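Engineer: This is the structure I have questions about; it appears just below.
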Amino acid sequence: MTPPGPDAPPPPARDCVDLRFDGWITGIGTTSGSRLVLGHWPRTPFGPFSDVMVERADGHRTLLAPTRQVADFIAGTYAFDEVRVVPVGVRIAGDRWTVTSVPLLDLSFTVGRRGALGTLLHLAGPVISRPTLAALTDPVARLLMGVRTRGSAGNGRYEWYGARDLRRLTAATATYEGRDLGPLAPVDPPVRFGFGSTPRMPCQVRVTTTVRGPRSTPPG
């Protein structure tokens with residue numbers, strides 16, 4: 001189902017169920033033109049999982065998700081040309097993250113220090129993660145970072161992104177389908193999976209995402 005538009009109002013809470021996903025979203029651009037978005041979610045209605053959204057330079061969009069249940073939910077919320085159910089493993093060693101999805105993806109990146117905006121989000125995180133506050137920050141996020149923090153999604157769903165921290169990436173390497181994607185680069189052009197992209201600068205955002213959907217939305 002095509003969403004009614006990113007600026008449509010959210011559906012009434014009384015008619016819906018809210019699902020919360022707590023974790024990290026990492027947006028990565030590469031010099032090949034391919035862009036990747038990693039979602040690492042320790043706390044969700046489906047249990048812990050990680051997924052990767054890949055948009056090639058030619059615009060082809062692929063979802064890598066670890067289970068059919070997770071793949072169906074994400075593909076019902078965002079737009080893809082292809083969905084692959086494959087293992088997605090994440091290892092974290094300090095600021096170094098390694099992501100493996102055999103046989104498709106090998107990704108490593110390093111997270112840098114928290115800047116001024118990241119410090120502000122970190123301090124305000126527990127409050128700003130709520131949907132009502134995430135909605136209020138949407139104009140600021142558009143102005144400062146060119147991203148949206150709320151909008152309508154697929155299958156009658158609506159989303160709020162409550163950013164709780166922000167750190168730039170300092171380096172990344174990625175191989176996808178056996179091809180080296182090249183060094184780290186801006187996320188440009190913006191990815192087209194949902195109502196908004198990640199920031200143009202490669203970064204990692206600590207986030208609480210709330211998805212409101214019809215009561216038939218699978219709770220996990």
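Identifiers for the structure tokens are assigned positionally: chains receive A, B, ... in sequence, residues are indexed from 1 per chain, and ligands are indexed from 1 in the order shown.
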Can you tell me which residues surround Arg113 (chain A) at a distance of at most 12 Å, considering only C-alpha atoms, apart from same-chain residues fewer than 6 positions away, and format the answer as a PDB file with N, CA and C atoms, in the first residue's frame?
Structural biologist:
```
ATOM      1  N   GLY A  94      34.644  -1.800  20.915  1.00  0.00           N
ATOM      2  CA  GLY A  94      34.909  -0.382  21.122  1.00  0.00           C
ATOM      3  C   GLY A  94      34.168   0.441  20.082  1.00  0.00           C
ATOM      4  N   ASP A  95      34.909   1.252  19.329  1.00  0.00           N
ATOM      5  CA  ASP A  95      34.308   2.081  18.282  1.00  0.00           C
ATOM      6  C   ASP A  95      34.287   1.398  16.917  1.00  0.00           C
ATOM      7  N   THR A 119      26.143  15.604  21.709  1.00  0.00           N
ATOM      8  CA  THR A 119      26.128  15.815  23.160  1.00  0.00           C
ATOM      9  C   THR A 119      24.760  16.295  23.622  1.00  0.00           C
ATOM     10  N   ASP A 165      21.378  10.211  20.302  1.00  0.00           N
ATOM     11  CA  ASP A 165      22.833  10.425  20.241  1.00  0.00           C
ATOM     12  C   ASP A 165      23.204  10.497  18.767  1.00  0.00           C
ATOM     13  N   LEU A 166      24.358  11.079  18.486  1.00  0.00           N
ATOM     14  CA  LEU A 166      24.832  11.217  17.109  1.00  0.00           C
ATOM     15  C   LEU A 166      26.339  11.245  17.107  1.00  0.00           C
ATOM     16  N   ARG A 167      26.929  10.382  16.286  1.00  0.00           N
ATOM     17  CA  ARG A 167      28.384  10.361  16.122  1.00  0.00           C
ATOM     18  C   ARG A 167      28.716  10.192  14.641  1.00  0.00           C
ATOM     19  N   ARG A 168      29.693  10.953  14.181  1.00  0.00           N
ATOM     20  CA  ARG A 168      30.155  10.797  12.797  1.00  0.00           C
ATOM     21  C   ARG A 168      30.967   9.522  12.660  1.00  0.00           C
ATOM     22  N   LEU A 169      30.997   8.992  11.438  1.00  0.00           N
ATOM     23  CA  LEU A 169      31.883   7.880  11.122  1.00  0.00           C
ATOM     24  C   LEU A 169      33.212   8.445  10.628  1.00  0.00           C
ATOM     25  N   THR A 170      34.286   7.769  10.971  1.00  0.00           N
ATOM     26  CA  THR A 170      35.604   8.232  10.540  1.00  0.00           C
ATOM     27  C   THR A 170      36.191   7.380   9.427  1.00  0.00           C
ATOM     28  N   CYS A 203      27.118   8.792   9.483  1.00  0.00           N
ATOM     29  CA  CYS A 203      27.032   8.901  10.937  1.00  0.00           C
ATOM     30  C   CYS A 203      26.216   7.758  11.502  1.00  0.00           C
ATOM     31  N   GLN A 204      26.303   7.653  12.826  1.00  0.00           N
ATOM     32  CA  GLN A 204      25.508   6.674  13.564  1.00  0.00           C
ATOM     33  C   GLN A 204      24.621   7.415  14.554  1.00  0.00           C
TER      34      GLN A 204
END
```
Engineer: Region 100-123 of chain A near region 176-179 of chain A within 7 Å: what's each residue's closest atom pair and its distance in Å to one decimal, counting only C-alpha atoms, ordered by chain then ascending residue number, as a tab-separated table?
Structural biologist:
```
residue	atom	partner	partner_atom	distance
A:Leu104	CA	A:Glu177	CA	4.7
A:Leu105	CA	A:Tyr176	CA	4.6
A:Asp106	CA	A:Tyr176	CA	6.6
```
Engineer: Take the selection from the previous step and output its residues with N, CA and C atoms, as a tab-separated table (two decimals), in the first residue's frame.
Structural biologist:
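Result went into part_9.tsv, see below:
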```tsv
chain	number	residue	atom	x	y	z
A	104	LEU	N	26.59	-12.10	1.00
A	104	LEU	CA	26.42	-10.85	0.26
A	104	LEU	C	27.30	-9.71	0.73
A	105	LEU	N	27.44	-9.51	2.03
A	105	LEU	CA	27.99	-8.25	2.54
A	105	LEU	C	29.05	-8.47	3.59
A	106	ASP	N	30.15	-7.71	3.46
A	106	ASP	CA	31.15	-7.55	4.52
A	106	ASP	C	31.35	-6.06	4.71
```
Engineer: With distances taken over only C-alpha atoms, which residue among A:Ala174, A:Ala71, A:Val111, A:Ile28 lies nearest Trp97 (chain A)?
Structural biologist: A:Val111
Engineer: Closest to Glu55 (chain A) among A:Gly29, A:Pro214, A:Gly76, A:Pro199, using only C-alpha atoms?
Structural biologist: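 Counting only C-alpha atoms, the residue closest to Glu55 (chain A) is A:Gly29.
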Engineer: Got a sec: who's within 8 Å of Thr208 (chain A), counting only C-alpha atoms, leaving out chain neighbours fewer than 6 positions off, as an MDAnalysis selection string?
Structural biologist: chainID A and resid 20:23 129 161:164
Engineer: DSSP on the backbone, alpha helix (DSSP H) only: what residues of chain A does that give? Format it as a PyMOL selection string.
Structural biologist: chain A and resi 68-77+116-128+131-145
Engineer: Write out as an MDAnalysis selection string which residues come within 7 Å of Thr77 (chain A) when counting only C-alpha atoms, dropping same-chain ones fewer than 5 positions away.
Structural biologist: chainID A and resid 153:155 157
Engineer: Let me make sure I understand: among A:Ser152, A:Thr210, A:Thr62, A:Thr173, which one has the smallest atom-to-atom distance to Pro9 (chain A) if we use only C-alpha atoms?
Structural biologist: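 Looking only at the distances to Pro9 (chain A), the closest residue turns out to be A:Ser152.
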Engineer: I'd like the neighbourhood of Pro190 (chain A) as a list in words, where a residue qualifies if any of its atoms comes within 8 Å (using only C-alpha atoms), though same-chain residues fewer than 6 positions away should be ignored.
Structural biologist: Ser197, Thr198 and Arg200 of chain A
Engineer: Just give me the gap between CA of Pro183 (chain A) and CA of Ala171 (chain A) in Å, one decimal is fine.
Structural biologist: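 Those two atoms sit 7.5 Å apart.
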Engineer: From the set A:Arg114, A:Arg91, A:Arg61, A:Arg14, which residue has the shortest atom-to-atom contact distance to Val37 (chain A), counting only C-alpha atoms?
Structural biologist: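 Counting only C-alpha atoms, the residue closest to Val37 (chain A) is A:Arg61.
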Engineer: Just how far from CA of Val211 (chain A) is CA of Ala13 (chain A), in Å to one decimal?
Structural biologist: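 Going from CA of Ala13 (chain A) over to CA of Val211 (chain A), I get 11.1 Å.
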Engineer: Quick one: distance from CA of Ser50 (chain A) to CA of Leu64 (chain A) in Å, one decimal?
Structural biologist: 8.9 Å
